[in-house]
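Single-structure report; data block below.
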Amino acid sequence: MTDSSIVSPLRPKVIEPGMPALDLGVERYQVKGGGAVVLALEAGDRLEITDVEGRQPGELVIFAPEGKGDAAALGAKATHVPTGLQAILGRQTEDSARVLAGLQRRGLDLGRIKAVPLFSQDSPAGETVDFIASRAAICAIAAPEQPSSVHDQTPPTDLLVFVKRATLNHNPSPQLPEPLAEPLAEFRVGIASALHYEVKAGEFIQIIDVEGRQCSDFLAFVRRDLDSGRINGLDSTTTRTLNGAAYPGPGLYGKFFSMDMQGLVEVVQDTVGRHDTFNLACTARYYEDMGYFGHANCSDNFNTALASFEIEDRRGWPAINFFFNTSVDDLSTIHFDQPWSRPGDYVLLRALTDLVCASSSCPCDIDPANGWDLSEIHVRVYPKDCSFKKAVAYRMTPDAPAQLTKETGFHERTSALTRNFTEYRGYWLPTVFNNKGAIDEYWACRERAAVMDLSPLRKFEVLGPDSEELLQGTFTRNVRKLAVGQVAYGALCYEHGGMIDDGTLFRLGQDNFRWIGGDDYGGIWLREQAERRGLTVWIKSATEQIHNIAVQGPKSREILKDFIWTPPAQPSLEELAWFHFAVGRIGDYHGRPILVSRTGYTGELGYEIFCHPDDALCLWDNVMAAGEPHDISPLGLEALDLLRIEAGLIFAGYEFDEQTDPFEAGIGFSVALKHNEDFVGRTSLERRKAHPQWKLIGLELAGNEQAAPGDCVHIGRAHIGDVTSACRSPILAKNIALARVNAEYAEIGTAVEVGKLDGHQKRLPATVVRFPFYDPEKTRVRA
């Protein structure tokens, strides 16, 4: 036999979704900055705690199983009152409630127990401490938040914990995630089986993939209709039609419907985001056609599970197939592959009426549908008085722990004005506002002023004696020319010239910078570059501690000048120049701290204001009060898209990706080839600039039909490029688009056609025009 643990050098190890990434007996826990975790150790277990980004003090509280302090169990000395952990447990958050419940479940009370201090304000990124347990112990590990202002550059960041078990379980079954609340009931759906259960209106159903990569089909029937002899169950076709999507997800369009269009369940949380509503639950016929006769299947298992009800057997049930990874291509072929779900991933549903439900653990082991290895499904039912926030899972990188969608510091105000939210980079942002709409919000920005929540922008503090050297070697601008108080727009690039991200760099001090971009990987990449170069610099994630709004429009200066106070050493709001910033306060010297920059994403005079989330509502209220005489309007993402396209401003995933260089993305002006002689990707960018293949252009379309991102651009039969963004411009009364085309066809005045349908049957005439389409001289933003 071949030892499966030995990987041939001729067959590199395949990275697979949902597979254990750690060695047997190793567990990983993430302690979020400003958060805590509780875990149990046995004699001989090794505990390793790492300060991932550096400069993050921690606290380790060690209990004996009976509840008293026992730092000696880990050979440590407890010397400090755990004020950080106490503050964390005192917050009214879901995370703190979960940690507190974990302590209470074990009968543990902080009382007078002291903590072991971990790390310091100067610990380097990656510093690790380890302990070995001499006897059983329970540990609470905290990454406390230090009081800070928006300009302090001291955000709390994550600690990473590994536990290496002394006693190995050679048949490990992943631990179930902690209950979201106290369950009313829970069931284990065995391998290749199904069961039924009943829920009342308002109750919650959590369907958990225990070991990962295991599909679970789901049925639900209206209980009162069953009692009257009528079968009224979930219908995937109706659901897709009413939602306008392949399947619903948390948010406004989150319900599964019956055939008579009655909402039966609502998706509240989803940590996977990849399911199927096109296929039947697996059937005997499928296996028979593959040559596997008598194979267990979900449809027959459902018939058995529902036998006690007067529901007629079906050869194939039109179920909702949770965790089944399917897609439909351009040729209308339905493909499937291994599930994306990982151990502990789940879907949380809320029953909208009394239901009879059935869940399966799919028995398909003849294809990748269940990752070639069957496992169990776990179902929990929670009472209707529970409060769960709508959320999807966001991962900073593919191997990072999942984080549920958060609310920004401004959410309490924006959610009072609209229910139209979309998930963006791990946060809920409004798309349009009630009684307004995208066009009204757009005109408010062009003619008066508008305020928008942009808190999901990623913020990274870059600080230390080598911070300038790091940024000079990674940013496309000449950082050495950047003065304190200035902002520079540019890009981070790979060696081949493809863009990692675009964004703005703020210089807060001689050795203090703040990078603001759209992608988490920007900070990770900067940290990797610093380590590779051996530089003394810290890159600290600050997104959760710095939230921001943009106030944009011709009246923005007049609105902000009366309540934004800046000290005499800083420019006043009225003096603030384009691409500069000032540190100030709301109202006066004693007000809440803020940082305001004269930057924006609309093509109008405007400002961005940054604050701690605790100060967000105060900031919003002051903006709206000062803006009321000027008829200020909140603005959502739909209107913002109109504004930025008119202004020729690029957006990640549309105008650029990892294969696009800054010249091809239309921001060649941000590449300082003459003044920055050694940044990552410079050699490739020199070559690509000298021999351009693609260019971003503006298109003006004839007629009233809009182009759409992804539409092909043609000259005759030849496909010369693609539309990246498009809209109907309210102020220009024209259909416009940004497109990336072969550089040979980028000359202004070139006639092209935008292909619709299959790209050939229908064509929209268009002409290459100058962009930005609106205010190409940028007189308004410079005003």
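Labeling convention for the structure tokens: chains A, B, ... as they appear, residues from 1 per chain, ligands from 1 in order of appearance.
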Quiz item: Which residues come within 9 Å of region 600-612 of chain A, counting only C-alpha atoms, excluding same-chain residues fewer than 5 positions away, as a PyMOL selection string?
Solution: chain A and resi 148-151+409+445-446+449+454-455+544-557+560+578+592-595+619+640-649+772+774-775+778-783
Tell me, as a CSV table (one decimal) with all heavy atoms, in the first residue's frame, which residues lie within 7 Å of region 374-379 of chain A, counting only C-alpha atoms; anything in the same chain fewer than 5 positions away does not count.
chain,number,residue,atom,x,y,z
A,186,GLU,N,-31.9,20.4,18.5
A,186,GLU,CA,-30.9,20.1,17.5
A,186,GLU,C,-30.9,18.7,17.1
A,186,GLU,O,-31.3,17.8,17.9
A,186,GLU,CB,-29.5,20.6,18.0
A,186,GLU,CG,-29.1,20.2,19.3
A,186,GLU,CD,-27.7,20.9,19.7
A,186,GLU,OE1,-26.9,21.1,18.8
A,186,GLU,OE2,-27.6,21.4,20.8
A,187,PHE,N,-30.5,18.4,15.9
A,187,PHE,CA,-30.6,17.1,15.3
A,187,PHE,C,-29.3,16.8,14.5
A,187,PHE,O,-28.8,17.8,13.9
A,187,PHE,CB,-31.8,17.0,14.3
A,187,PHE,CG,-33.0,17.7,14.8
A,187,PHE,CD1,-33.3,19.0,14.3
A,187,PHE,CD2,-33.9,17.1,15.7
A,187,PHE,CE1,-34.5,19.6,14.7
A,187,PHE,CE2,-35.1,17.7,16.1
A,187,PHE,CZ,-35.4,19.0,15.6
A,188,ARG,N,-28.9,15.6,14.4
A,188,ARG,CA,-27.8,15.2,13.6
A,188,ARG,C,-28.3,14.4,12.4
A,188,ARG,O,-29.0,13.4,12.7
A,188,ARG,CB,-26.7,14.4,14.4
A,188,ARG,CG,-25.5,14.0,13.6
A,188,ARG,CD,-24.7,15.2,13.1
A,188,ARG,NE,-24.1,16.0,14.1
A,188,ARG,CZ,-22.8,15.9,14.5
A,188,ARG,NH1,-22.0,15.0,13.9
A,188,ARG,NH2,-22.3,16.7,15.4
A,189,VAL,N,-28.1,14.8,11.2
A,189,VAL,CA,-28.5,14.1,10.0
A,189,VAL,C,-27.3,13.2,9.7
A,189,VAL,O,-26.3,13.6,9.2
A,189,VAL,CB,-28.9,15.0,8.9
A,189,VAL,CG1,-29.4,14.3,7.7
A,189,VAL,CG2,-29.8,16.1,9.3
A,190,GLY,N,-27.5,11.9,9.8
A,190,GLY,CA,-26.5,10.9,9.6
A,190,GLY,C,-26.1,10.9,8.1
A,190,GLY,O,-26.8,11.4,7.2
A,191,ILE,N,-24.9,10.3,7.9
A,191,ILE,CA,-24.4,10.1,6.5
A,191,ILE,C,-25.5,9.4,5.6
A,191,ILE,O,-26.1,8.4,6.0
A,191,ILE,CB,-23.1,9.4,6.5
A,191,ILE,CG1,-22.0,10.2,7.1
A,191,ILE,CG2,-22.7,9.0,5.1
A,191,ILE,CD1,-20.7,9.5,7.3
A,205,ILE,N,-33.6,28.4,11.9
A,205,ILE,CA,-33.0,27.0,11.5
A,205,ILE,C,-31.6,27.3,11.1
A,205,ILE,O,-31.3,28.0,10.1
A,205,ILE,CB,-33.8,26.4,10.4
A,205,ILE,CG1,-35.3,26.4,10.6
A,205,ILE,CG2,-33.3,25.0,10.1
A,205,ILE,CD1,-36.2,26.2,9.4
A,206,GLN,N,-30.7,26.6,11.8
A,206,GLN,CA,-29.3,26.7,11.4
A,206,GLN,C,-28.8,25.3,10.8
A,206,GLN,O,-28.9,24.3,11.5
A,206,GLN,CB,-28.4,27.0,12.6
A,206,GLN,CG,-26.9,27.2,12.2
A,206,GLN,CD,-26.0,27.4,13.4
A,206,GLN,OE1,-26.4,27.1,14.6
A,206,GLN,NE2,-24.9,28.1,13.2
A,207,ILE,N,-28.5,25.3,9.6
A,207,ILE,CA,-28.0,24.0,8.9
A,207,ILE,C,-26.5,24.1,8.8
A,207,ILE,O,-26.0,25.0,8.1
A,207,ILE,CB,-28.7,23.9,7.5
A,207,ILE,CG1,-30.2,23.9,7.7
A,207,ILE,CG2,-28.2,22.6,6.8
A,207,ILE,CD1,-31.0,23.9,6.4
A,208,ILE,N,-25.8,23.2,9.5
A,208,ILE,CA,-24.4,23.3,9.6
A,208,ILE,C,-23.7,22.1,8.9
A,208,ILE,O,-24.1,20.9,9.0
A,208,ILE,CB,-24.0,23.2,11.1
A,208,ILE,CG1,-24.7,24.2,11.9
A,208,ILE,CG2,-22.5,23.3,11.3
A,208,ILE,CD1,-24.6,24.1,13.4
A,209,ASP,N,-22.7,22.4,8.1
A,209,ASP,CA,-21.9,21.4,7.4
A,209,ASP,C,-20.8,21.1,8.4
A,209,ASP,O,-19.8,21.9,8.6
A,209,ASP,CB,-21.3,22.0,6.1
A,209,ASP,CG,-20.6,21.0,5.3
A,209,ASP,OD1,-20.3,19.9,5.8
A,209,ASP,OD2,-20.2,21.3,4.1
A,210,VAL,N,-20.9,19.9,9.0
A,210,VAL,CA,-20.0,19.6,10.2
A,210,VAL,C,-18.6,19.5,9.7
A,210,VAL,O,-17.7,20.1,10.4
A,210,VAL,CB,-20.5,18.3,10.8
A,210,VAL,CG1,-19.6,17.9,12.0
A,210,VAL,CG2,-21.9,18.4,11.3
A,211,GLU,N,-18.3,18.7,8.7
A,211,GLU,CA,-16.9,18.5,8.3
A,211,GLU,C,-16.5,19.2,7.0
A,211,GLU,O,-15.3,19.1,6.6
A,211,GLU,CB,-16.6,17.0,8.2
A,211,GLU,CG,-16.9,16.2,9.4
A,211,GLU,CD,-16.4,14.8,9.3
A,211,GLU,OE1,-15.5,14.5,8.5
A,211,GLU,OE2,-16.9,13.9,10.1
A,214,GLN,N,-20.0,19.1,2.2
A,214,GLN,CA,-21.1,18.1,2.3
A,214,GLN,C,-22.4,18.9,2.0
A,214,GLN,O,-22.8,19.8,2.6
A,214,GLN,CB,-21.2,17.5,3.7
A,214,GLN,CG,-22.5,16.6,3.8
A,214,GLN,CD,-22.4,15.4,2.9
A,214,GLN,OE1,-21.4,14.7,2.8
A,214,GLN,NE2,-23.5,15.2,2.2
A,361,SER,N,-28.5,14.7,4.3
A,361,SER,CA,-27.0,14.6,4.1
A,361,SER,C,-26.8,13.8,2.8
A,361,SER,O,-27.1,12.6,2.8
A,361,SER,CB,-26.3,13.9,5.3
A,361,SER,OG,-24.9,13.8,5.0
A,363,PRO,N,-26.0,11.6,-0.2
A,363,PRO,CA,-25.2,10.3,-0.3
A,363,PRO,C,-24.4,10.2,-1.5
A,363,PRO,O,-23.8,9.1,-1.8
A,363,PRO,CB,-26.3,9.3,-0.3
A,363,PRO,CG,-27.5,9.9,-1.0
A,363,PRO,CD,-27.4,11.3,-0.7
A,365,ASP,N,-21.5,9.9,-3.7
A,365,ASP,CA,-20.0,9.6,-3.5
A,365,ASP,C,-19.4,9.2,-4.8
A,365,ASP,O,-18.3,8.6,-4.8
A,365,ASP,CB,-19.8,8.6,-2.4
A,365,ASP,CG,-20.5,7.3,-2.7
A,365,ASP,OD1,-21.2,7.2,-3.7
A,365,ASP,OD2,-20.4,6.3,-1.9
* Mind the document's chain letters and residue numbers, and return as a VMD selection string the residues of region 597-748 of chain A that DSSP labels strand (DSSP E). => chain A and resid 597 606 to 611 633 to 634 694 to 701 712 to 715 718 to 729 734 to 742
Generate a file of the selected residues that holds C-alpha atoms, formatted as a PDB file, in the first residue's frame.
ATOM      1  CA  SER A 597      -9.129  65.363   3.573  1.00  0.00           C
ATOM      2  CA  GLY A 606     -15.643  67.433  -1.781  1.00  0.00           C
ATOM      3  CA  TYR A 607     -14.161  66.127   1.421  1.00  0.00           C
ATOM      4  CA  GLU A 608     -13.740  62.827   3.209  1.00  0.00           C
ATOM      5  CA  ILE A 609     -14.045  62.814   7.000  1.00  0.00           C
ATOM      6  CA  PHE A 610     -12.559  60.026   9.118  1.00  0.00           C
ATOM      7  CA  CYS A 611     -13.448  59.243  12.737  1.00  0.00           C
ATOM      8  CA  SER A 633     -29.000  64.392   0.687  1.00  0.00           C
ATOM      9  CA  PRO A 634     -27.704  60.954   1.685  1.00  0.00           C
ATOM     10  CA  TRP A 694      -4.503  48.009 -24.227  1.00  0.00           C
ATOM     11  CA  LYS A 695      -5.877  51.390 -23.303  1.00  0.00           C
ATOM     12  CA  LEU A 696      -8.845  52.612 -21.253  1.00  0.00           C
ATOM     13  CA  ILE A 697     -11.068  54.861 -23.348  1.00  0.00           C
ATOM     14  CA  GLY A 698     -14.350  56.726 -23.127  1.00  0.00           C
ATOM     15  CA  LEU A 699     -17.262  55.778 -25.368  1.00  0.00           C
ATOM     16  CA  GLU A 700     -20.327  57.764 -26.309  1.00  0.00           C
ATOM     17  CA  LEU A 701     -23.138  55.526 -27.558  1.00  0.00           C
ATOM     18  CA  CYS A 712     -17.794  43.358 -26.316  1.00  0.00           C
ATOM     19  CA  VAL A 713     -16.468  46.230 -28.432  1.00  0.00           C
ATOM     20  CA  HIS A 714     -16.054  45.575 -32.168  1.00  0.00           C
ATOM     21  CA  ILE A 715     -14.778  47.051 -35.371  1.00  0.00           C
ATOM     22  CA  ALA A 718     -13.004  41.911 -34.881  1.00  0.00           C
ATOM     23  CA  HIS A 719     -13.466  41.901 -31.108  1.00  0.00           C
ATOM     24  CA  ILE A 720     -11.134  44.719 -30.034  1.00  0.00           C
ATOM     25  CA  GLY A 721     -12.045  45.197 -26.371  1.00  0.00           C
ATOM     26  CA  ASP A 722     -14.714  45.187 -23.676  1.00  0.00           C
ATOM     27  CA  VAL A 723     -16.855  47.658 -21.787  1.00  0.00           C
ATOM     28  CA  THR A 724     -15.745  47.966 -18.147  1.00  0.00           C
ATOM     29  CA  SER A 725     -18.409  50.366 -16.795  1.00  0.00           C
ATOM     30  CA  ALA A 726     -21.399  52.125 -18.317  1.00  0.00           C
ATOM     31  CA  CYS A 727     -24.329  54.363 -17.431  1.00  0.00           C
ATOM     32  CA  ARG A 728     -26.812  56.844 -18.808  1.00  0.00           C
ATOM     33  CA  SER A 729     -25.359  60.200 -17.787  1.00  0.00           C
ATOM     34  CA  LYS A 734     -26.058  60.560 -23.160  1.00  0.00           C
ATOM     35  CA  ASN A 735     -25.175  56.917 -22.799  1.00  0.00           C
ATOM     36  CA  ILE A 736     -21.516  56.683 -21.902  1.00  0.00           C
ATOM     37  CA  ALA A 737     -19.100  53.896 -21.110  1.00  0.00           C
ATOM     38  CA  LEU A 738     -15.552  53.176 -20.102  1.00  0.00           C
ATOM     39  CA  ALA A 739     -13.927  50.414 -22.133  1.00  0.00           C
ATOM     40  CA  ARG A 740     -10.543  48.747 -22.483  1.00  0.00           C
ATOM     41  CA  VAL A 741      -9.614  48.315 -26.133  1.00  0.00           C
ATOM     42  CA  ASN A 742      -6.624  47.423 -28.237  1.00  0.00           C
TER      43      ASN A 742
END
Check your understanding: Given the choices A:Asp399, A:Asp385, A:Glu574, A:Glu628, which gets closest to Arg342 (chain A) if the distance is worked out from only C-alpha atoms?
Key ->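 Answer, going by the shortest atom-to-atom distance: A:Asp399.
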When you look at Gly371 (chain A) with a cut-off of 12 Å (counting only C-alpha atoms), what residues show up, excluding the ones that are within fewer than 4 positions of it in the same chain? I need them as a VMD selection string. chain A and resid 16 to 19 211 to 215 323 to 325 336 to 342 362 to 367 375
Arg687 (chain A): which residues within 10 Å, counting only C-alpha atoms, same-chain residues fewer than 5 positions away excluded, as a PDB file with all heavy atoms, in the first residue's frame?
ATOM      1  N   GLY A 497       3.766  44.065 -13.177  1.00  0.00           N
ATOM      2  CA  GLY A 497       3.109  45.325 -13.486  1.00  0.00           C
ATOM      3  C   GLY A 497       1.617  45.323 -13.241  1.00  0.00           C
ATOM      4  O   GLY A 497       0.988  46.384 -13.267  1.00  0.00           O
ATOM      5  N   ARG A 682       8.446  48.238 -11.443  1.00  0.00           N
ATOM      6  CA  ARG A 682       8.889  49.364 -12.270  1.00  0.00           C
ATOM      7  C   ARG A 682       9.429  48.914 -13.624  1.00  0.00           C
ATOM      8  O   ARG A 682       9.086  49.482 -14.673  1.00  0.00           O
ATOM      9  CB  ARG A 682       9.952  50.165 -11.526  1.00  0.00           C
ATOM     10  CG  ARG A 682      10.346  51.451 -12.244  1.00  0.00           C
ATOM     11  CD  ARG A 682      11.493  52.166 -11.527  1.00  0.00           C
ATOM     12  NE  ARG A 682      11.672  53.504 -12.052  1.00  0.00           N
ATOM     13  CZ  ARG A 682      12.289  53.806 -13.198  1.00  0.00           C
ATOM     14  NH1 ARG A 682      12.775  52.831 -13.950  1.00  0.00           N
ATOM     15  NH2 ARG A 682      12.409  55.055 -13.588  1.00  0.00           N
ATOM     16  N   PRO A 692       2.494  49.584 -25.454  1.00  0.00           N
ATOM     17  CA  PRO A 692       1.138  49.381 -24.923  1.00  0.00           C
ATOM     18  C   PRO A 692       0.311  48.423 -25.784  1.00  0.00           C
ATOM     19  O   PRO A 692       0.372  48.484 -27.016  1.00  0.00           O
ATOM     20  CB  PRO A 692       0.540  50.785 -24.933  1.00  0.00           C
ATOM     21  CG  PRO A 692       1.292  51.512 -26.013  1.00  0.00           C
ATOM     22  CD  PRO A 692       2.689  50.949 -25.966  1.00  0.00           C
TER      23      PRO A 692
END
